[in-house]
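Structure first, commentary second.
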Amino acid sequence: MPPSANEHRNEPACPFRMDPAGGDLQAEAAELRQVGPAVRAVLPGGVVAWSVTRYESIKELVSDPRVSRDFRAHWPDRDRVPEGWSLGMITFIEGFLNRYGEEHRRLRRMVTPAFTPKRVRALEETVRSRARELVAEIARSAPGEVVDLRASLSWPLTMWVICELFGVPDERKEPLGAAVDALLDTSAAPELVVEAQVHLYRLLAELAEYKREHPSSDLAGDLIAHEREGELSGDELIGTLLLMIGAGFETAVNLITSSTHTLLTHPDHRERFGRGELSAGEIVEESLRRDPPVMYVPMRYAVEDIDLGEGVVIRRGEAILVGFGSAGRDPELHPEGSDLFDPDRESKEHLSFGFGAHFCVGAHLARLEGRVALEEVFAALPDLEMAEAGTEPPRIPSIIVNGAAELPVIPHPATP
């Protein structure tokens, strides 16, 4: 049993040990919130950082210019992390995610125009058409057959959408998505992490070379053009592809799966949704608040000492792990039943897509995919039910993403 955060409130030398497999991320975050605005925590691999899980503390820190994502400039302990660190792939991505100030803004401008609300709205019919095809395949299941909705709808829909945007050839989509999945297991042994990192980088390098040899009018083609102009290095190109393709489908996979699971386990809300009294958008937003698809986003660093109050001072150069996924359940933000799914609540405020300069560029697309998937699956499969009622599906072993590893359901397709 890891020691509790409360036991270490006055013992900064003995930080709280986080569960590398993320067995109960929200319970862990609730415990950390009670301790203070930031808590020293041991992350997977033995790396120590300040864990921040309170809504107001998160907003304060990520808006503070004294907090950086540039590990080269502002994390002196970066060379001490162990080989095969399970958070290393994201922490050390080359590209705008891990840049600071004007350098971050310059690199981010290369991808944001493709994800404006107007451009995302234009994708709706394409997304809906693909979702309808996948749901139709599920509807062809034999009577009583158990189907994994995550593997049959959430994963293929979102992977297809992001790969279409980046012009990823069909034969490369599944291997690339599987390689990203493998790196999200933050409980994996170091040797497996290294193997997964090498494999994913090889796939991305091969994709980049393919796109160089086959010019195209898609987002990967745009990035290749920036590389040719000297505006993007080869490593930054690979890092941007990793970030945009990886985050671009993993977030939506978990959002669709969690939203569907929630409706299947809340029959009153499901009935209202079926009658048109609840919109898919309302369900998606409450799911983002209560069951965020991403929990922690590593890492940030103090550019100088930061006093958060309550005796907590983050020293210059210390690492910070921000729990964006915990903010929506903070009782200070939602005093009434913050752990309950309530699509009628007046405020569904959350930070599940981040906050400030690093707000997720794909937030509009993820919301669209979540809404369309819910509308299509429950329209075509009104009798859909969990395969084992009362049983929670297994979780992805990760502190980064928050979602079910599978969602076994019985479609009960209508008889022709």
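How things are named: the first chain in the structure tokens is A, the next is B, and so on; residues count from 1 in each chain; ligands count from 1 in the order shown.
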
Shell of 10 Å around stretch 202-204 of chain A, only C-alpha atoms, local chain residues under 5 positions omitted, as a ChimeraX atom specification: /A:172,175-176,179,196-197,209-210,237-239,241-242

Check stretch 58-246 of chain A with DSSP on the backbone and list each residue it calls strand (DSSP E or B), as a ChimeraX atom specification. /A:67-68,147-148

Residues within 8 Å of stretch 71-81 of chain A, please, as a ChimeraX atom specification. Count only C-alpha atoms; anything in the same chain fewer than 6 positions from it doesn't count. /A:45,47,91-92,98,300-303,317-319

Residues near A:Glu375, anyone? I mean within 12 Å using only C-alpha atoms, not counting same-chain ones fewer than 3 positions away, as a PyMOL selection string. chain A and resi 127-128+131-132+135+256+259-260+263+270+273-276+278-284+368-372+378-382

Could you write out that same residue set with N, CA, C and O atoms as a compact mmCIF listing (two decimals), in the first residue's frame?
# COMPACT_ATOMS: atom_id res chain seq x y z
N VAL A 127 -17.49 12.82 -40.65
CA VAL A 127 -17.39 12.06 -39.40
C VAL A 127 -18.65 11.22 -39.20
O VAL A 127 -18.58 10.04 -38.84
N ARG A 128 -19.80 11.81 -39.48
CA ARG A 128 -21.07 11.09 -39.27
C ARG A 128 -21.18 9.90 -40.22
O ARG A 128 -21.66 8.83 -39.84
N ALA A 131 -18.99 7.16 -38.83
CA ALA A 131 -19.60 6.60 -37.62
C ALA A 131 -20.77 5.70 -37.97
O ALA A 131 -20.95 4.61 -37.40
N ARG A 132 -21.54 6.12 -38.95
CA ARG A 132 -22.72 5.33 -39.35
C ARG A 132 -22.30 3.99 -39.93
O ARG A 132 -22.94 2.96 -39.69
N VAL A 135 -21.23 1.77 -36.96
CA VAL A 135 -22.39 1.33 -36.18
C VAL A 135 -23.18 0.27 -36.96
O VAL A 135 -23.69 -0.70 -36.38
N ILE A 256 -15.69 9.11 -26.20
CA ILE A 256 -16.81 8.34 -26.75
C ILE A 256 -17.14 7.14 -25.86
O ILE A 256 -18.30 6.86 -25.55
N SER A 259 -18.66 8.34 -22.44
CA SER A 259 -20.00 8.89 -22.61
C SER A 259 -21.02 7.77 -22.85
O SER A 259 -22.12 7.79 -22.29
N THR A 260 -20.64 6.82 -23.68
CA THR A 260 -21.55 5.70 -23.96
C THR A 260 -21.78 4.86 -22.70
O THR A 260 -22.91 4.49 -22.38
N LEU A 263 -24.19 6.60 -20.30
CA LEU A 263 -25.60 6.49 -20.67
C LEU A 263 -26.13 5.07 -20.42
O LEU A 263 -27.27 4.91 -19.98
N ARG A 270 -30.56 8.16 -20.20
CA ARG A 270 -30.61 7.55 -21.53
C ARG A 270 -32.01 7.68 -22.13
O ARG A 270 -32.16 7.99 -23.33
N PHE A 273 -32.50 11.16 -23.27
CA PHE A 273 -31.73 11.37 -24.49
C PHE A 273 -32.49 10.80 -25.69
O PHE A 273 -32.60 11.45 -26.74
N GLY A 274 -33.05 9.61 -25.52
CA GLY A 274 -33.81 8.99 -26.59
C GLY A 274 -35.05 9.78 -26.97
O GLY A 274 -35.47 9.77 -28.14
N ARG A 275 -35.63 10.48 -25.99
CA ARG A 275 -36.84 11.29 -26.26
C ARG A 275 -36.49 12.69 -26.75
O ARG A 275 -37.38 13.50 -27.03
N GLY A 276 -35.20 12.99 -26.83
CA GLY A 276 -34.79 14.32 -27.28
C GLY A 276 -34.81 15.39 -26.21
O GLY A 276 -34.69 16.58 -26.50
N LEU A 278 -32.59 15.48 -23.72
CA LEU A 278 -31.19 15.76 -23.44
C LEU A 278 -30.44 15.69 -24.75
O LEU A 278 -30.64 14.76 -25.54
N SER A 279 -29.56 16.64 -25.00
CA SER A 279 -28.78 16.62 -26.23
C SER A 279 -27.49 15.84 -26.02
O SER A 279 -26.99 15.70 -24.90
N ALA A 280 -26.95 15.34 -27.12
CA ALA A 280 -25.66 14.65 -27.06
C ALA A 280 -24.58 15.61 -26.58
O ALA A 280 -23.65 15.21 -25.87
N GLY A 281 -24.69 16.88 -26.95
CA GLY A 281 -23.71 17.87 -26.52
C GLY A 281 -23.68 18.03 -25.01
O GLY A 281 -22.60 18.15 -24.41
N GLU A 282 -24.86 18.01 -24.37
CA GLU A 282 -24.92 18.12 -22.91
C GLU A 282 -24.29 16.91 -22.24
O GLU A 282 -23.58 17.03 -21.24
N ILE A 283 -24.52 15.74 -22.81
CA ILE A 283 -23.96 14.51 -22.24
C ILE A 283 -22.45 14.50 -22.39
O ILE A 283 -21.72 14.15 -21.45
N VAL A 284 -21.97 14.90 -23.55
CA VAL A 284 -20.53 14.95 -23.79
C VAL A 284 -19.85 15.91 -22.83
O VAL A 284 -18.81 15.60 -22.25
N LEU A 368 -17.03 17.20 -31.31
CA LEU A 368 -17.83 16.79 -32.46
C LEU A 368 -17.89 15.28 -32.57
O LEU A 368 -18.97 14.70 -32.73
N GLU A 369 -16.75 14.61 -32.46
CA GLU A 369 -16.72 13.15 -32.57
C GLU A 369 -17.55 12.50 -31.47
O GLU A 369 -18.27 11.52 -31.72
N GLY A 370 -17.45 13.02 -30.24
CA GLY A 370 -18.23 12.48 -29.14
C GLY A 370 -19.71 12.62 -29.37
O GLY A 370 -20.49 11.67 -29.17
N ARG A 371 -20.13 13.79 -29.81
CA ARG A 371 -21.56 14.04 -30.04
C ARG A 371 -22.09 13.16 -31.17
O ARG A 371 -23.15 12.51 -31.02
N VAL A 372 -21.38 13.13 -32.27
CA VAL A 372 -21.85 12.35 -33.43
C VAL A 372 -21.92 10.86 -33.09
O VAL A 372 -22.89 10.17 -33.45
N PHE A 378 -26.93 5.33 -30.55
CA PHE A 378 -28.20 5.11 -29.86
C PHE A 378 -29.40 5.23 -30.79
O PHE A 378 -30.47 4.70 -30.49
N ALA A 379 -29.21 5.90 -31.94
CA ALA A 379 -30.29 5.93 -32.94
C ALA A 379 -30.41 4.57 -33.61
O ALA A 379 -31.52 4.07 -33.86
N ALA A 380 -29.27 3.94 -33.90
CA ALA A 380 -29.29 2.66 -34.61
C ALA A 380 -29.47 1.47 -33.68
O ALA A 380 -29.97 0.42 -34.10
N LEU A 381 -29.05 1.63 -32.41
CA LEU A 381 -29.08 0.51 -31.45
C LEU A 381 -29.79 0.94 -30.17
O LEU A 381 -29.18 1.03 -29.10
N PRO A 382 -31.08 1.19 -30.23
CA PRO A 382 -31.80 1.70 -29.05
C PRO A 382 -31.83 0.73 -27.88
O PRO A 382 -32.05 1.15 -26.74

Check the smallest atom-to-atom distance from each of A:Arg40, A:His412, A:Lys173, A:Arg315 to A:Ala142 using only C-alpha atoms, then report the winner.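 For A:Ala142, the nearest of the candidates is A:His412.
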
Just list as a PyMOL selection string whatever in stretch 247-277 of chain A DSSP marks as helix (DSSP H, G or I). chain A and resi 247-264+267-274

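For A:Asn402, the non-local neighbours within 9 Å, defined as residues at least 3 positions apart in the same chain or in other chains and counting only C-alpha atoms, are Gly22, Leu25, Thr251, Asn254, Asp291, Pro292, Pro293, Val294, Met295, Tyr296, Gly325, Arg395, Ile396, Pro397, Ser398 and Ile399 of chain A.
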
Which is closest to A:Phe166 among A:Ala327, A:Ala366, A:Ala38, A:Ala208, if we use only C-alpha atoms?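 Among A:Ala327, A:Ala366, A:Ala38, A:Ala208, it is A:Ala208 that comes nearest to A:Phe166.
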
Spatial neighbours of A:Met18, max dist 12 Å, only C-alpha atoms, sep filter under 2 positions, as a count of residues only: 39

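Each of A:Arg367, A:Tyr201, A:Leu219, A:Ser129 was compared to A:Gly234 using only C-alpha atoms, and A:Tyr201 turns out to be the nearest.
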
Leaving out A:Ser217 and any residue of its chain fewer than 2 positions from it, which residues lie within 12 Å of it when counting only C-alpha atoms, given as an MDAnalysis selection string? chainID A and resid 114 164:168 211:212 214:215 219:225

Which of A:Glu376, A:Ala404, A:Gly390, A:Ala188 sits closest to A:Glu125 [using only C-alpha atoms]: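 Looking at the shortest contact to A:Glu125, the residue is A:Glu376.
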